[in-house]
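Beneath this line is the structure, given in structure tokens, with notes to follow.
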Amino acid sequence: MEAIATGFSNARFLQAFRSRDFRLLWTGQAISLLGDMAFLVALGWRTFTLTGSARSLGIVLTLQGVGLLSTVLLGGALADRYDRRSLMLVSDAARFVLIGALAVVDGSGHLTIEILGGLAFAEGLATGFFTPALGGLIPLVVEQPGLGSANALIGMARQASLLIGPTAAGLIYGFAGSTVVFGFNSVSYLASFAFVLATRPRVAERAESVGTLREIWAGIRYVAGVPWLWVTITLFAFVLMFQWAPIQVLTPKLVRDHFDLSVRAYGVIFSMLGAGMIVGALTFAQTNPRRRRGLISYLIWMLNSLLIIVFALSPWYSLALVASFCRGICIGFGVAVWETMLMELVPEKMLSRVVSLDWFGAFGLTPFGLLAAGAVSHYFAAGSIIAGGAVLSMCLVAAGLLSREIREID
């Protein structure tokens, strides 16, 4: 790894790799994210085939989301008060056990939708502690000038996993079944545990201990006082409910019923999305825009909604793949912009709480979207539901640009 960091030290997007601890953290996350993306495909297809209903997939994803939302605010408060690395280790260990149990039950032939939903809920609980701790740990292993590079590289790991994981999952699922995919995801958490354990981050500036509920409330007050934060988090609670939730629930149905294809084609859609996200994250890392980042990101999210409409209504699978790739570029760039703004503009002692509020706010309404998408899937075509949600989302993002703070924030 030292040779890689030295040999490419002049490349802006690789700047964060100069840090040994970031290289370790990144490697662990790359492996874990690969398992997560493979798991996403296996979970979606296994649930759909287990019951034959998109509504069941909506319920399982809702339980997973509710689990995460139940602990993410607590996780943010604890990560600002205690050691963020330790919280990540506990979460990784818990998810290793939970997904390992899912693999064992699935392999035994006794998997039911109730067991699947229960384990998905428990996995969400554990992830709620991990996510804010990770967001707060990155600035502890990378100096401030390298944060843009760090977020882009984490994004590229996420996107590379989206490129490789779903396709691999589709192939493995087709030949060996869902049990092997679940087992791989379980082991990926163990790998993440080992790499996080090897890091030595600097000590964070600690928030004053005034009680967990008061600390969460202090985070809420901080976000409420910063317009670009509360406007974006509030808007995207509805955007993800209308746009992300139907895609998650209905893409298996779209692939099978509209394009008349199998799980492999389902995986390729995610892989094309991941390929585009790599391009988007790499573009951000090389350009690292410093002016009007709010305006730039909102315009990108509007374009993303337009591409979802193309994806959902396309009569050709090939065009849907192109739309997925272009969407990926938008997502990769947009997410890197947002995460870098958080790490640069939010005080260190508040960062994990703000990250947790970002997740809680942005995904707080998605359980309703997941359930609603599954419920209406019996009455409308999957593509029509997805496209309708994208239209509503585009209007919401456009409304956000009415805020002067959003248009002018750097």
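We name chains A, B, ... following the order of the structure tokens; residues begin at 1 in each chain, and ligands are numbered from 1 as shown.
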
Might you pull out every residue within 7 Å of A:Ala133, with only C-alpha atoms counted and same-chain residues fewer than 6 positions away left off, and present them as an mmCIF file with C-alpha atoms, in the first residue's frame?
data_model
loop_
_atom_site.group_PDB
_atom_site.id
_atom_site.type_symbol
_atom_site.label_atom_id
_atom_site.label_comp_id
_atom_site.auth_asym_id
_atom_site.auth_seq_id
_atom_site.Cartn_x
_atom_site.Cartn_y
_atom_site.Cartn_z
ATOM 1 C CA GLY A 76 -24.700 9.558 16.379
ATOM 2 C CA ALA A 79 -20.142 8.432 18.422
ATOM 3 C CA ARG A 84 -16.078 5.916 17.086
ATOM 4 C CA LEU A 87 -18.737 1.456 17.844
ATOM 5 C CA MET A 88 -17.811 0.352 14.330
ATOM 6 C CA SER A 352 -21.522 12.208 13.970
#

Stretch 96-112 of chain A surroundings by only C-alpha atoms, 7 Å radius, close-in-sequence under 4 positions cut, as a list in words:
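In the requested format, the answer is Asp92, Leu116, Leu119, Glu123, Thr179, Phe182, Gly183, Ser186, Val187, Tyr189 and Leu190 of chain A.
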
I need the residue nearest A:Phe325 from this list: A:Ser384, A:Ser271, A:Thr47, A:Thr283. Use only C-alpha atoms for the distance.
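Looking only at the distances to A:Phe325, the closest residue turns out to be A:Ser271.
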
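When only C-alpha atoms are used to compute distances to A:Ala169, the closest of the residues A:Pro347, A:Gly334, A:Gly267, A:Gly361 turns out to be A:Gly267.
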
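Backbone DSSP assigns alpha helix (DSSP H) in stretch 217-251 of chain A to Trp217, Ala218, Gly219, Ile220, Arg221, Tyr222, Val223, Ala224, Pro227, Trp228, Leu229, Trp230, Val231, Thr232, Ile233, Thr234, Leu235, Phe236, Ala237, Phe238, Val239, Ala245, Pro246, Ile247, Gln248, Val249, Leu250 and Thr251 of chain A.
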
Got a sec: who's within 8 Å of A:Arg158, counting only C-alpha atoms, leaving out chain neighbours fewer than 6 positions off, as a list in words?
Ala30, Leu33, Leu34 and Gly274 of chain A

Selection above as a file: C-alpha atoms, as a PDB file, in the first residue's frame:
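Generated file (again17.pdb):
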ATOM      1  CA  ALA A  30     -14.359  -1.854   0.054  1.00  0.00           C
ATOM      2  CA  LEU A  33     -19.481  -2.810   0.659  1.00  0.00           C
ATOM      3  CA  LEU A  34     -18.909  -5.524  -1.937  1.00  0.00           C
ATOM      4  CA  GLY A 274     -22.124   1.368  -9.945  1.00  0.00           C
TER       5      GLY A 274
END

Atom CA of A:Ala16 to atom CA of A:Ala150, distance in Å rounded to a single decimal
5.1 Å

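Going from atom CA of A:Leu153 over to atom CA of A:Trp244, you cover 23.3 Å.
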
Determine, counting only C-alpha atoms, which protein, DNA and RNA residues have an atom within 12 Å of an atom of A:Ser53; residues of the same chain fewer than 2 positions away are not included. Present the result as an NGL selection string.
:A and (44-51 or 55-60 or 113 or 249-250 or 252-253 or 373-378)

Counting only C-alpha atoms, what is within 7 Å of A:Ser393, bar same-chain residues fewer than 2 positions away, as a VMD selection string?
chain A and resid 239 242 to 243 305 389 to 391 395 to 397

Requested write-out: N, CA and C atoms of the selected residues, as a PDB file, in the first residue's frame:
ATOM      1  N   VAL A 239     -38.059  13.016  -1.167  1.00  0.00           N
ATOM      2  CA  VAL A 239     -37.480  12.547  -2.432  1.00  0.00           C
ATOM      3  C   VAL A 239     -37.195  11.054  -2.366  1.00  0.00           C
ATOM      4  N   PHE A 242     -40.483   9.003  -2.354  1.00  0.00           N
ATOM      5  CA  PHE A 242     -41.158   8.921  -3.651  1.00  0.00           C
ATOM      6  C   PHE A 242     -40.301   8.265  -4.729  1.00  0.00           C
ATOM      7  N   GLN A 243     -38.982   8.365  -4.606  1.00  0.00           N
ATOM      8  CA  GLN A 243     -38.111   7.974  -5.712  1.00  0.00           C
ATOM      9  C   GLN A 243     -37.300   6.715  -5.404  1.00  0.00           C
ATOM     10  N   SER A 305     -33.396  12.448 -11.453  1.00  0.00           N
ATOM     11  CA  SER A 305     -34.829  12.113 -11.521  1.00  0.00           C
ATOM     12  C   SER A 305     -35.284  11.919 -12.959  1.00  0.00           C
ATOM     13  N   GLY A 389     -43.019   8.535  -9.187  1.00  0.00           N
ATOM     14  CA  GLY A 389     -42.253   8.986  -8.039  1.00  0.00           C
ATOM     15  C   GLY A 389     -41.113   9.908  -8.426  1.00  0.00           C
ATOM     16  N   ALA A 390     -40.483   9.630  -9.565  1.00  0.00           N
ATOM     17  CA  ALA A 390     -39.388  10.475 -10.035  1.00  0.00           C
ATOM     18  C   ALA A 390     -39.881  11.867 -10.426  1.00  0.00           C
ATOM     19  N   VAL A 391     -41.051  11.949 -11.019  1.00  0.00           N
ATOM     20  CA  VAL A 391     -41.617  13.257 -11.379  1.00  0.00           C
ATOM     21  C   VAL A 391     -41.866  14.096 -10.130  1.00  0.00           C
ATOM     22  N   CYS A 395     -39.842  17.736  -8.930  1.00  0.00           N
ATOM     23  CA  CYS A 395     -40.527  18.968  -8.524  1.00  0.00           C
ATOM     24  C   CYS A 395     -40.073  19.423  -7.136  1.00  0.00           C
ATOM     25  N   LEU A 396     -39.872  18.472  -6.225  1.00  0.00           N
ATOM     26  CA  LEU A 396     -39.434  18.818  -4.880  1.00  0.00           C
ATOM     27  C   LEU A 396     -38.028  19.411  -4.878  1.00  0.00           C
ATOM     28  N   VAL A 397     -37.118  18.799  -5.634  1.00  0.00           N
ATOM     29  CA  VAL A 397     -35.754  19.309  -5.697  1.00  0.00           C
ATOM     30  C   VAL A 397     -35.739  20.703  -6.321  1.00  0.00           C
TER      31      VAL A 397
END

Rounded to one decimal in Å, what is the spacing between atom CA of A:Ala398 and atom CA of A:Leu162?
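For atom CA of A:Ala398 relative to atom CA of A:Leu162, the distance reads 28.0 Å.
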